[in-house]
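Below is one structure, written out as structure tokens; comments come after it.
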Amino acid sequence: MRLFAAVLPPARAIDELAVAVERLHTLPGSGGLRWTGHDGWHFTLAFLGEVDEEILPVIEERFGRAAARQDPFPLRLHGGGHFGRRALWVGAAGGIDAMRLLADRADAAARRAGVAMEEHRAYKAHLTIARSRTGFDTDLRPYVEALAHFEGTAWTVGELALVRSNPPVPGVPGAQPRYEPVRVWPLGR
Ligand code: ATP
Ligand code: MG
């Protein structure tokens, strides 16, 4: 199973972002972008990749401990950015240091559970809203400019989520949810 750890924004934040993203669809070149689904919007904390189901209990044990060590923290959606011409994302503000700490803890928890994690690079909080379609080369800078003043309502991040990513099944649209939360742990308990 393909797994990642994430912060899942509440419905209100998702709804606010949906309004902002809707406006981006009218910008030039938007047809060359593949927009991510609202119900899957998330901030990845750590990417575990393909994991043997047998070690899931150990991962869950470690993640539970990581979550317990961290107090809830405030967060809001804030501005945007891009990774080259590949990905367009919305950023976060408010509790970025706490979020980074949680990302580090999730990474360490997965490692201790025996997951071969990639080298842990500097964490950049981002929620991917669009990716370039193959064969397209859209300049994402106007999109980032359009998002520059976007500020969502703050919420309190109170949970760490372990999410399963199901590969899209060709020819079987909507066979199962793309991202499935496997388990969530409350922070600080
Ligand atoms: P798709 O791969 O179908 O375009 P996706 O990237 O959202 O969709 P996954 O590849 O399963 O789906 O990734 C799940 C989450 O983990 C996403 O937020 C993705 O950006 C992130 N992710 C994937 N691969 C890595 C990686 N090597 N390092 C860090 N984060 C990753
Ligand atoms: Mg991917």
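In the structure tokens, each chain is lettered A, B, ... as it comes, each chain's residues begin at 1, and ligands are numbered from 1 in order of appearance.
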Can you pull out the residues contacting Val163 in chain A? Cut-off 7 Å, using only C-alpha atoms, and skip same-chain residues under 5 positions away; I want them as a ChimeraX atom specification.
/A:3-6,179-182
Contacts of range 183-188 of chain A at 6 Å or less, counting only C-alpha atoms, minus same-chain residues fewer than 4 places along, as a short mmCIF file (atom, residue, chain, number, x, y, z; two decimals) with C-alpha atoms, in the first residue's frame?
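Below is the file around-v7.cif, written as the result:
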data_model
loop_
_atom_site.label_atom_id
_atom_site.label_comp_id
_atom_site.auth_asym_id
_atom_site.auth_seq_id
_atom_site.Cartn_x
_atom_site.Cartn_y
_atom_site.Cartn_z
CA ALA A 67 1.14 12.78 17.46
CA ALA A 68 1.01 12.63 21.25
CA ARG A 69 4.27 14.56 21.53
CA GLN A 70 2.98 17.53 19.55
CA ASP A 71 0.50 20.14 20.75
CA PRO A 72 -2.27 21.37 18.42
CA GLY A 158 -5.53 18.91 15.98
CA GLU A 159 -4.82 15.69 14.10
CA LEU A 160 -2.12 13.78 12.31
CA ALA A 161 -3.48 11.65 9.46
CA LEU A 162 -2.05 8.54 7.82
#
May I have the residues within 9 Å of Glu16 in chain A as an mmCIF file with C-alpha atoms, in the first residue's frame, using only C-alpha atoms and disregarding those fewer than 3 positions away in the same chain?
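Resulting contents of around23.cif:
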data_model
loop_
_atom_site.group_PDB
_atom_site.id
_atom_site.type_symbol
_atom_site.label_atom_id
_atom_site.label_comp_id
_atom_site.auth_asym_id
_atom_site.auth_seq_id
_atom_site.Cartn_x
_atom_site.Cartn_y
_atom_site.Cartn_z
ATOM 1 C CA ALA A 11 -14.313 21.837 5.270
ATOM 2 C CA ARG A 12 -14.351 25.588 5.755
ATOM 3 C CA ALA A 13 -10.747 25.975 4.565
ATOM 4 C CA VAL A 19 -13.600 29.757 -4.412
ATOM 5 C CA ALA A 20 -10.066 31.069 -4.957
ATOM 6 C CA VAL A 21 -9.128 28.180 -7.266
ATOM 7 C CA GLU A 151 -5.715 34.277 3.112
ATOM 8 C CA GLY A 152 -7.921 31.563 4.536
ATOM 9 C CA THR A 153 -9.574 31.555 7.942
#
Give me, please, the distance in Å between atom 9 (P, counted along the ligand's line) of ligand 1 and CA of Phe63 in chain A, quoted to one decimal.
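These atoms are spaced 19.5 Å apart.
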Residues within 12 Å of Lys124 in chain A, only C-alpha atoms, excluding chain neighbours under 5 positions, as number ranges by chain: A: 43-46, 80-83, 89-93, 96-97, 99-101, 103-104
For the selection just defined, write its residues with C-alpha atoms to a file, as a PDB file, in the first residue's frame.
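The result, written out as again-v5.pdb:
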ATOM      1  CA  PHE A  43      -0.673  19.064   3.167  1.00  0.00           C
ATOM      2  CA  THR A  44       1.748  16.156   2.894  1.00  0.00           C
ATOM      3  CA  LEU A  45       3.978  15.858   5.958  1.00  0.00           C
ATOM      4  CA  ALA A  46       5.954  12.783   4.944  1.00  0.00           C
ATOM      5  CA  GLY A  80       0.751  30.293  -3.322  1.00  0.00           C
ATOM      6  CA  GLY A  81       3.844  29.090  -5.087  1.00  0.00           C
ATOM      7  CA  HIS A  82       5.074  26.723  -7.755  1.00  0.00           C
ATOM      8  CA  PHE A  83       7.645  23.997  -8.271  1.00  0.00           C
ATOM      9  CA  TRP A  89       0.349  25.015  -4.762  1.00  0.00           C
ATOM     10  CA  VAL A  90      -1.215  27.010  -1.957  1.00  0.00           C
ATOM     11  CA  GLY A  91       0.944  27.691   1.061  1.00  0.00           C
ATOM     12  CA  ALA A  92       0.259  27.961   4.775  1.00  0.00           C
ATOM     13  CA  ALA A  93       1.018  30.413   7.546  1.00  0.00           C
ATOM     14  CA  ILE A  96       4.745  26.760  10.086  1.00  0.00           C
ATOM     15  CA  ASP A  97       7.403  25.872  12.664  1.00  0.00           C
ATOM     16  CA  MET A  99       4.052  21.997  11.072  1.00  0.00           C
ATOM     17  CA  ARG A 100       7.711  21.424  10.191  1.00  0.00           C
ATOM     18  CA  LEU A 101       8.269  19.789  13.557  1.00  0.00           C
ATOM     19  CA  ALA A 103       6.692  16.649   9.481  1.00  0.00           C
ATOM     20  CA  ASP A 104      10.059  15.795  11.044  1.00  0.00           C
TER      21      ASP A 104
END
Item to complete: Please check which protein, DNA or RNA residues sit within 10 Å of ligand 1, counting only C-alpha atoms and all ligand atoms, and write them as a PyMOL selection string.
Response: chain A and resi 1-6+34+36-37+40-50+87+117-121+123+126-133+163-168+178-179
Notebook entry, point to check: When DSSP works through the backbone of this structure, what residues of range 8-186 of chain A end up as alpha helix (DSSP H), shown as a ChimeraX atom specification?
Noted result: /A:11-24,56-68,96-112,141-147
Practice item. Write out as JSON, numbers by chain all residues of range 27-153 of chain A that backbone DSSP assigns to strand (DSSP E or B). Key: {"A": [33, 34, 35, 43, 44, 45, 46, 47, 48, 49, 50, 73, 74, 75, 76, 77, 78, 79, 80, 81, 82, 83, 87, 88, 89, 90, 91, 92, 93, 127, 128, 129, 130, 131, 132, 151]}
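For the residues A:Arg111, A:Arg86, A:His25, A:Arg62, ranking by smallest atom-to-atom distance to Thr138 in chain A using only C-alpha atoms places A:Arg86 first.
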Selection: 7 Å around Leu75 in chain A, only C-alpha atoms, excl. self and same-chain fewer than 3 positions, as a list in words: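 Counting only C-alpha atoms, the residues come to Ala92, Ala93, Gly94, Gly95, Ala154, Trp155, Thr156 and Val157 of chain A.
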Output file for the selection above: N, CA and C atoms, as a PDB file, in the first residue's frame:
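Ended up saving to selection03.pdb:
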ATOM      1  N   ALA A  92       0.882  27.852   3.460  1.00  0.00           N
ATOM      2  CA  ALA A  92       0.259  27.961   4.775  1.00  0.00           C
ATOM      3  C   ALA A  92       1.034  28.975   5.611  1.00  0.00           C
ATOM      4  N   ALA A  93       0.375  29.486   6.624  1.00  0.00           N
ATOM      5  CA  ALA A  93       1.018  30.413   7.546  1.00  0.00           C
ATOM      6  C   ALA A  93       0.414  30.216   8.932  1.00  0.00           C
ATOM      7  N   GLY A  94       1.077  30.753   9.926  1.00  0.00           N
ATOM      8  CA  GLY A  94       0.546  30.713  11.299  1.00  0.00           C
ATOM      9  C   GLY A  94       1.319  29.774  12.195  1.00  0.00           C
ATOM     10  N   GLY A  95       1.374  28.513  11.798  1.00  0.00           N
ATOM     11  CA  GLY A  95       2.065  27.532  12.642  1.00  0.00           C
ATOM     12  C   GLY A  95       3.086  26.742  11.866  1.00  0.00           C
ATOM     13  N   ALA A 154      -8.126  30.983   9.807  1.00  0.00           N
ATOM     14  CA  ALA A 154      -7.270  30.071  10.575  1.00  0.00           C
ATOM     15  C   ALA A 154      -8.096  28.980  11.257  1.00  0.00           C
ATOM     16  N   TRP A 155      -7.487  27.805  11.394  1.00  0.00           N
ATOM     17  CA  TRP A 155      -8.095  26.737  12.176  1.00  0.00           C
ATOM     18  C   TRP A 155      -7.016  26.147  13.074  1.00  0.00           C
ATOM     19  N   THR A 156      -7.410  25.262  13.970  1.00  0.00           N
ATOM     20  CA  THR A 156      -6.429  24.594  14.827  1.00  0.00           C
ATOM     21  C   THR A 156      -6.190  23.189  14.294  1.00  0.00           C
ATOM     22  N   VAL A 157      -4.934  22.923  13.913  1.00  0.00           N
ATOM     23  CA  VAL A 157      -4.582  21.576  13.472  1.00  0.00           C
ATOM     24  C   VAL A 157      -4.535  20.697  14.719  1.00  0.00           C
TER      25      VAL A 157
END
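Of the listed residues (A:Arg189, A:Val169, A:Ala66, A:Asp39), A:Ala66 comes nearest to Asp107 in chain A; the distances count only C-alpha atoms.
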Separating CA of Asp139 in chain A from CA of Gly84 in chain A, to the nearest tenth of an Å, is a gap of 8.8 Å
Exercise. CA of Trp35 in chain A and CA of Ala18 in chain A are how many Å apart?
Worked result: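 Spanning CA of Trp35 in chain A to CA of Ala18 in chain A is a straight-line distance of 11.0 Å.
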